[in-house]
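Visitor: The structure under discussion is supplied below as structure tokens; questions concerning it will follow.
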Amino acid sequence: MAETKKRDNKYYYASQWSLMWRKFRRHKLAMAATWLLLVFYTVAILGNFIAPQGTEQYDGNYVNCGPTKIHWFHEGEFIGPFVYGLEVDRDPETLMRIFVEDESQIYPIRFFVQGDEGGEYKWFGLIPSNLHLFGVDEGGKIFLFGTDSMGRDLFSRVILGAQISMFIPIVGMLLTLVLGLIMGSLAGYIGGWVDTVIQRIIEVVRSFPQVPLWMALSAAIPKTLKPAQVFMMMTLILSLISWPDLARTVRSKFISVKKEDYIMAARISGAPPLKIVTKHMIPSFTSYIIVNMTMSIPGLIMGETTLSFLGLGLRSPATSWGVLLQETNKLETIMFYPWRLIPMIFVFLTVLAFNFMGDGLRDAADPYK
């Protein structure tokens with residue numbers, strides 16, 4: 001009885017965030033999606049270490065090579081993970097060049113190895129290193145996802161492309177948050193002609209078809225810019241288009257909250273408007289802002305992927321999932337080299353995971369559920 005009463009007291013006196021976390025944990029799909037995203041972002045952060053090759057490394061002898069098979073047994077004897085050597089052959093039906101395993105050559109998979117020349121990188125942009133998670137001895141090749149039309153390792157490019165495709169939406173989300181909060185709070189708190197002007201701006205931005213607007217803005221990006229500059233320009237473009245939805249959400253919350261008694265008390269006590277907004281109004285619906293932003297990230301991911309796929313975003317040798325998919329826009333590539341579509345799987349899983357996590361957060365933030 002005492003334990004039940006103690007548990008009930010913990011529930012009734014719990015903070016809003018504690019209650020949200022309890023509800024969120026019960027949403028199994030949302031929790032699974034959250035763990036998946038944590039894994040993806042960890043891999044992206046450590047991408048240069050995990051990827052066996054850099055984005056500019058290639059080998060013309062292994063153009064369009066299929067995924068390498070990892071073996072554990074050789075002639076019935078267990079020798080640990082290894083790959084066989086690769087030899088070039090011809091398909092007897094299509095006469096296309098194919099790669100076959102040479103079982104006389106065995107290359108064990110090594111961990112924490114020094115990469116080939118060209119695989120150097122800097123930890124967090126500061127500490128130079130050439131250490132990679134795995135690799136094989138000289139003369140062997142390991143391509144977990146195969147290679148592309150230039151002989152570049154697709155697994156490495158997918159991992160390194162995640163650094164762009166998964167972090168552009170995060171930076172874009174932060175810029176969207178700033179724009180949405182500023183415009184929405186001005187419209188909801190001040191009202192009058194300010195609200196009218198901001199609403200008309202929102203309607204104008206929302207009236208443009210999204211993809212053509214992306215294309216028009218991206219066409220203004222000079223092709224001579226460096227990849228880092230293109231990254232910032234794309235982030236700015238995506239943010240300028242995606243802020244209206246958040247602004248309208250913030251405006252509606254401000255209109256409902258500013259009539260509450262504690263807001264009126266703060267005004268009567270002489271609190272400045274900026275303090276009322278930042279200390280009282282915005283914190284009252286922070287959970288809804290988090291949900292809204294989480295649900296907007298999939299759209300930003302698709303935006304970056306679409307722009308790069310259309311050739312209007314990042315360009316090779318810079319790598320993103322959209323750039324990798326742009327390189328598969330020919331039917332023969334899909335027919336003969338289906339492994340080149342692997343980046344699409346990661347786009348699908350990431351967007352789906354963010355949607356599931358957003359659904360879980362929305363249910364957790366709803367006080368009536």
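How things are named: the first chain in the structure tokens is A, the next is B, and so on; residues count from 1 in each chain; ligands count from 1 in the order shown.
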Please list as a ChimeraX atom specification every residue within 8 Å of range 91-102 of chain A, counting only C-alpha atoms and excluding residues in the same chain fewer than 4 positions away.

Guide: /A:65-66,84-87

Visitor: Please produce a file of the residues just selected, as a PDB file, in the first residue's frame, where the atoms kept are N, CA and C atoms.

Guide:
```
ATOM      1  N   CYS A  65      32.216  -2.891 -59.365  1.00  0.00           N
ATOM      2  CA  CYS A  65      32.401  -4.203 -58.729  1.00  0.00           C
ATOM      3  C   CYS A  65      31.279  -4.421 -57.712  1.00  0.00           C
ATOM      4  N   GLY A  66      30.718  -5.604 -57.699  1.00  0.00           N
ATOM      5  CA  GLY A  66      29.633  -5.910 -56.768  1.00  0.00           C
ATOM      6  C   GLY A  66      30.110  -6.011 -55.333  1.00  0.00           C
ATOM      7  N   TYR A  84      38.170 -13.221 -50.339  1.00  0.00           N
ATOM      8  CA  TYR A  84      39.039 -13.783 -51.364  1.00  0.00           C
ATOM      9  C   TYR A  84      39.504 -12.669 -52.301  1.00  0.00           C
ATOM     10  N   GLY A  85      40.542 -12.958 -53.044  1.00  0.00           N
ATOM     11  CA  GLY A  85      40.989 -12.037 -54.078  1.00  0.00           C
ATOM     12  C   GLY A  85      39.962 -11.971 -55.210  1.00  0.00           C
ATOM     13  N   LEU A  86      40.037 -10.929 -56.016  1.00  0.00           N
ATOM     14  CA  LEU A  86      39.079 -10.729 -57.105  1.00  0.00           C
ATOM     15  C   LEU A  86      39.797 -10.786 -58.446  1.00  0.00           C
ATOM     16  N   GLU A  87      39.166 -11.479 -59.403  1.00  0.00           N
ATOM     17  CA  GLU A  87      39.685 -11.553 -60.758  1.00  0.00           C
ATOM     18  C   GLU A  87      38.612 -11.081 -61.728  1.00  0.00           C
TER      19      GLU A  87
END
```

Visitor: Compile the contact shell of Arg267 in chain A as a list in words: residues with an atom at most 12 Å away, counting only C-alpha atoms, same-chain residues fewer than 4 positions apart removed.

Guide: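 Within the cut-off, the hits are Lys258, Lys259, Glu260, Asp261, Tyr262, Ile263, Ala271, Pro272, Pro273, Leu274, Lys275, Ile276, Val277, His280 and Met281 of chain A.
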
Visitor: Could you tell me which of A:Ile255, A:Glu203, A:Ala33, A:Ile170 comes closest to Ala187 in chain A if we count only C-alpha atoms?

Guide: A:Ile255

Visitor: Could you name the residues that touch Val257 in chain A at 10 Å or less, counting only C-alpha atoms, but leaving out those on the same chain fewer than 6 positions away, as a PyMOL selection string?

Guide: chain A and resi 188-189+251+263-264+280-282+284-285

Visitor: Let me make sure I understand: among A:Leu126, A:Leu236, A:Leu325, A:Val63, which one has the smallest atom-to-atom distance to Arg152 in chain A if we use only C-alpha atoms?

Guide: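 With only C-alpha atoms as the atom set, the closest residue is A:Val63.
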
Visitor: Closest to Ile221 in chain A among A:Arg200, A:Asp359, A:Leu307, A:Gly140, using only C-alpha atoms?

Guide: A:Leu307

Visitor: Enumerate as a PDB file with N, CA and C atoms, in the first residue's frame all residues of range 131-229 of chain A assigned to strand (DSSP E) by DSSP on the backbone, naming them with the chain letters and numbers the document uses.

Guide:
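As a result, result_23.pdb now contains:
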```pdb
ATOM      1  N   LEU A 131      43.880   6.325 -39.318  1.00  0.00           N
ATOM      2  CA  LEU A 131      43.423   5.077 -38.714  1.00  0.00           C
ATOM      3  C   LEU A 131      41.976   4.802 -39.129  1.00  0.00           C
ATOM      4  N   HIS A 132      41.718   3.565 -39.547  1.00  0.00           N
ATOM      5  CA  HIS A 132      40.376   3.174 -39.987  1.00  0.00           C
ATOM      6  C   HIS A 132      39.936   1.925 -39.227  1.00  0.00           C
ATOM      7  N   LEU A 133      38.627   1.762 -39.128  1.00  0.00           N
ATOM      8  CA  LEU A 133      38.070   0.676 -38.325  1.00  0.00           C
ATOM      9  C   LEU A 133      38.473  -0.696 -38.852  1.00  0.00           C
ATOM     10  N   PHE A 134      38.432  -0.875 -40.155  1.00  0.00           N
ATOM     11  CA  PHE A 134      38.765  -2.190 -40.713  1.00  0.00           C
ATOM     12  C   PHE A 134      39.402  -2.024 -42.083  1.00  0.00           C
ATOM     13  N   GLY A 135      40.008  -3.094 -42.545  1.00  0.00           N
ATOM     14  CA  GLY A 135      40.637  -3.126 -43.854  1.00  0.00           C
ATOM     15  C   GLY A 135      41.243  -4.493 -44.088  1.00  0.00           C
ATOM     16  N   VAL A 136      41.888  -4.660 -45.224  1.00  0.00           N
ATOM     17  CA  VAL A 136      42.555  -5.928 -45.541  1.00  0.00           C
ATOM     18  C   VAL A 136      44.001  -5.639 -45.924  1.00  0.00           C
TER      19      VAL A 136
END
```
